[in-house]
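Novice: What follows is final_38.cif; its format and atoms are mmCIF, C-alpha atoms.
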data_final
loop_
_atom_site.group_PDB
_atom_site.id
_atom_site.type_symbol
_atom_site.label_atom_id
_atom_site.label_comp_id
_atom_site.auth_asym_id
_atom_site.auth_seq_id
_atom_site.Cartn_x
_atom_site.Cartn_y
_atom_site.Cartn_z
ATOM 1 C CA MET K 1 11.100 -1.761 -23.887
ATOM 2 C CA ASP K 2 11.787 -3.102 -20.428
ATOM 3 C CA LYS K 3 9.671 -0.648 -18.467
ATOM 4 C CA TYR K 4 5.880 -0.725 -18.221
ATOM 5 C CA GLN K 5 3.384 1.544 -16.508
ATOM 6 C CA PHE K 6 -0.128 0.640 -15.395
ATOM 7 C CA LYS K 7 -2.790 2.958 -14.035
ATOM 8 C CA LEU K 8 -4.470 0.942 -11.280
ATOM 9 C CA ILE K 9 -6.429 3.684 -9.546
ATOM 10 C CA GLU K 10 -7.760 6.828 -11.141
ATOM 11 C CA GLY K 11 -10.649 9.043 -10.213
ATOM 12 C CA ASP K 12 -12.499 11.142 -7.684
ATOM 13 C CA PHE K 13 -13.667 9.259 -4.612
ATOM 14 C CA SER K 14 -15.872 9.994 -1.630
ATOM 15 C CA SER K 15 -14.035 9.755 1.678
ATOM 16 C CA GLN K 16 -15.455 6.326 2.395
ATOM 17 C CA ASP K 17 -14.714 4.951 -1.083
ATOM 18 C CA ALA K 18 -11.185 6.342 -0.924
ATOM 19 C CA LYS K 19 -10.739 4.685 2.457
ATOM 20 C CA THR K 20 -11.974 1.356 1.091
ATOM 21 C CA VAL K 21 -9.731 1.463 -1.980
ATOM 22 C CA LEU K 22 -6.566 2.685 -0.272
ATOM 23 C CA MET K 23 -6.863 0.534 2.832
ATOM 24 C CA SER K 24 -7.464 -2.521 0.623
ATOM 25 C CA VAL K 25 -4.210 -1.870 -1.208
ATOM 26 C CA ILE K 26 -2.262 -1.286 1.997
ATOM 27 C CA ASN K 27 -3.801 -4.270 3.789
ATOM 28 C CA SER K 28 -2.978 -6.495 0.832
ATOM 29 C CA LYS K 29 0.660 -5.392 0.949
ATOM 30 C CA VAL K 30 0.832 -5.862 4.739
ATOM 31 C CA ASN K 31 -0.613 -9.371 4.371
ATOM 32 C CA PHE K 32 1.966 -10.156 1.672
ATOM 33 C CA HIS K 33 4.812 -9.065 3.931
ATOM 34 C CA ASN K 34 3.382 -10.898 6.945
ATOM 35 C CA LEU K 35 3.227 -14.120 4.920
ATOM 36 C CA ASN K 36 6.711 -13.514 3.562
ATOM 37 C CA ALA K 37 8.102 -12.945 7.048
ATOM 38 C CA PHE K 38 6.338 -16.041 8.398
ATOM 39 C CA SER K 39 7.614 -18.164 5.513
ATOM 40 C CA GLU K 40 11.167 -16.922 6.041
ATOM 41 C CA PHE K 41 10.933 -17.710 9.741
ATOM 42 C CA VAL K 42 9.608 -21.234 9.112
ATOM 43 C CA LYS K 43 12.221 -22.015 6.437
ATOM 44 C CA ASN K 44 15.277 -20.445 8.020
ATOM 45 C CA ASN K 45 14.265 -19.660 11.596
ATOM 46 C CA GLU K 46 15.160 -16.023 10.862
ATOM 47 C CA ASP K 47 13.256 -12.778 10.912
ATOM 48 C CA CYS K 48 12.809 -11.049 7.575
ATOM 49 C CA GLU K 49 13.971 -7.497 8.233
ATOM 50 C CA THR K 50 12.886 -6.251 4.809
ATOM 51 C CA SER K 51 9.297 -7.308 5.434
ATOM 52 C CA LYS K 52 9.346 -5.849 8.949
ATOM 53 C CA GLN K 53 10.554 -2.510 7.570
ATOM 54 C CA ARG K 54 7.915 -2.499 4.816
ATOM 55 C CA ILE K 55 5.145 -3.329 7.308
ATOM 56 C CA SER K 56 6.288 -0.433 9.474
ATOM 57 C CA ALA K 57 6.351 1.943 6.484
ATOM 58 C CA LEU K 58 2.940 0.745 5.305
ATOM 59 C CA SER K 59 1.502 1.226 8.802
ATOM 60 C CA LYS K 60 2.778 4.803 8.835
ATOM 61 C CA ALA K 61 1.325 5.416 5.369
ATOM 62 C CA SER K 62 -1.981 3.981 6.565
ATOM 63 C CA GLU K 63 -2.068 6.382 9.519
ATOM 64 C CA ASP K 64 -1.305 9.340 7.251
ATOM 65 C CA ILE K 65 -3.954 8.333 4.726
ATOM 66 C CA LEU K 66 -6.580 7.911 7.442
ATOM 67 C CA LYS K 67 -5.789 11.448 8.654
ATOM 68 C CA LEU K 68 -6.277 12.799 5.121
ATOM 69 C CA ILE K 69 -9.557 10.938 4.799
ATOM 70 C CA GLU K 70 -10.734 12.295 8.144
ATOM 71 C CA GLU K 71 -9.824 15.811 7.010
ATOM 72 C CA SER K 72 -11.705 15.365 3.725
ATOM 73 C CA GLU K 73 -14.780 14.180 5.651
ATOM 74 C CA LYS K 74 -14.657 17.234 7.913
ATOM 75 C CA LYS K 75 -14.387 19.516 4.887
ATOM 76 C CA GLY K 76 -17.030 17.593 2.939
ATOM 77 C CA MET K 77 -14.620 17.100 0.057
ATOM 78 C CA LYS K 78 -13.853 14.240 -2.286
ATOM 79 C CA LEU K 79 -10.380 12.865 -2.870
ATOM 80 C CA LYS K 80 -8.698 12.554 -6.265
ATOM 81 C CA ILE K 81 -6.543 9.444 -6.402
ATOM 82 C CA ASN K 82 -4.073 8.502 -9.100
ATOM 83 C CA GLY K 83 -2.196 5.256 -8.580
ATOM 84 C CA ASP K 84 0.363 4.302 -11.174
ATOM 85 C CA ILE K 85 2.472 1.163 -10.980
ATOM 86 C CA THR K 86 5.748 0.966 -12.862
ATOM 87 C CA VAL K 87 7.192 -2.454 -13.652
ATOM 88 C CA GLU K 88 10.589 -2.923 -15.228
ATOM 89 C CA PHE K 89 13.033 -5.673 -15.922
ATOM 90 C CA ILE K 90 16.225 -5.439 -13.863
#
Do you think you could lay out the structure here as C-alpha cells?
Specialist:
Amino acid sequence: MDKYQFKLIEGDFSSQDAKTVLMSVINSKVNFHNLNAFSEFVKNNEDCETSKQRISALSKASEDILKLIEESEKKGMKLKINGDITVEFI
C-alpha cells in the first residue's frame, strides 16, 4: 500500500478554538513557503513561483476561514472541523 491517510483534526470547536487551530495550520504552511522562497532566492537568486502561488492561495483561504468564523460567532454556533491528510508514494 503506497497511500496513507491521517486524521489530524476532528471535532466540534468554538469559534475561537477553530480560529486558533486553523490559523496555526495556515500560518505554518505560509512560513514553510516563505522559508522555501527565501532559500531559493539565496541559492539561485530566483523567485520561487510555486511558493508565491501557494502563499497567495493560503492567504485567500485564511480570509475565507476568518469570514466563516466571524459568521459562526454572530450565530453563536460551533464549527465542526475534519482535517484529513493523504500521503502517497509517487
Novice: Can you measure atom CA of K:Lys7 to atom CA of K:Ile81 for me? One decimal in Å is fine.
Specialist: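 Answer for the atom CA of K:Lys7 to atom CA of K:Ile81 separation: 10.7 Å.
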Novice: Kindly indicate which residue among K:Ile85, K:Met77, K:Ile90, K:Ile26 lies nearest to K:Ser56, using only C-alpha atoms for the distances.
Specialist: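 Of the candidates, the smallest distance to K:Ser56 is held by K:Ile26.
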Novice: Using Å and a single decimal, report how far atom CA of K:Leu22 sits from atom CA of K:Gln5.
Specialist: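 Atom CA of K:Gln5 sits 19.1 Å away from atom CA of K:Leu22.
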Novice: Got a sec: who's within 12 Å of stretch 40-54 of chain K, counting all atoms listed in the file, leaving out chain neighbours fewer than 6 positions off, as a PyMOL selection string?
Specialist: chain K and resi 26-27+29-34+60-62
Novice: Mind giving me the straight-line distance from atom CA of K:Leu58 to atom CA of K:Ser15 in Å, one decimal?
Specialist: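 Atom CA of K:Ser15 lies 19.6 Å from atom CA of K:Leu58.
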Novice: Compare K:Asn82, K:Ala57, K:Phe89, K:Val25 by their minimum atom-to-atom distance to K:Gly11, counting all atoms listed in the file, and give me the closest one.
Specialist: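 Result for the nearest residue to K:Gly11: K:Asn82.
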Novice: Please write as a list of chain:residue names the list of polymer residues whose atoms come within 10 Å of (13.0, -4.9, -17.6), counting all atoms listed in the file and keeping to the coordinates of the file.
Specialist: K:Met1, K:Asp2, K:Lys3, K:Tyr4, K:Val87, K:Glu88, K:Phe89, K:Ile90
Novice: List as a short mmCIF file (atom, residue, chain, number, x, y, z; two decimals) with C-alpha atoms, in the coordinates of the input the protein and nucleic acid residues near K:Ile65, meaning an atom at most 10 Å away when only C-alpha atoms are counted, but skip any in the same chain fewer than 6 places from it.
Specialist:
data_model
loop_
_atom_site.label_atom_id
_atom_site.label_comp_id
_atom_site.auth_asym_id
_atom_site.auth_seq_id
_atom_site.Cartn_x
_atom_site.Cartn_y
_atom_site.Cartn_z
CA ALA K 18 -11.18 6.34 -0.92
CA LYS K 19 -10.74 4.68 2.46
CA LEU K 22 -6.57 2.68 -0.27
CA MET K 23 -6.86 0.53 2.83
CA SER K 59 1.50 1.23 8.80
CA GLU K 71 -9.82 15.81 7.01
#
Novice: Rank K:Ile55, K:Phe38, K:Ser28, K:Gln16 by their smallest atom-to-atom distance to K:Leu68, using only C-alpha atoms, and report the top residue only.
Specialist: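 Of the candidates, the smallest distance to K:Leu68 is held by K:Gln16.
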Novice: Using all atoms of stretch 14-28 of chain K listed in the file and a margin of 5 Å per side, can you give the axis-aligned box centre and edge lengths in Å to one decimal, as lines of an AutoDock Vina configuration file?
Specialist:
center_x = -9.1
center_y = 1.7
center_z = 0.9
size_x = 23.6
size_y = 26.5
size_z = 15.8
Novice: Can you list, as a PDB file with C-alpha atoms, keeping the file's coordinate frame, every protein, DNA or RNA residue that comes within 8 Å of K:Asp12 when you count only C-alpha atoms, leaving out same-chain residues fewer than 3 positions away?
Specialist:
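result.pdb written:
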ATOM      1  CA  LYS K  78     -13.853  14.240  -2.286  1.00  0.00           C
ATOM      2  CA  LEU K  79     -10.380  12.865  -2.870  1.00  0.00           C
ATOM      3  CA  LYS K  80      -8.698  12.554  -6.265  1.00  0.00           C
ATOM      4  CA  ILE K  81      -6.543   9.444  -6.402  1.00  0.00           C
TER       5      ILE K  81
END
Novice: Check the smallest atom-to-atom distance from each of K:Leu8, K:Leu66, K:Val21, K:Ala37 to K:Gly83 using only C-alpha atoms, then report the winner.
Specialist: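 Comparing K:Leu8, K:Leu66, K:Val21, K:Ala37 against K:Gly83, the winner is K:Leu8.
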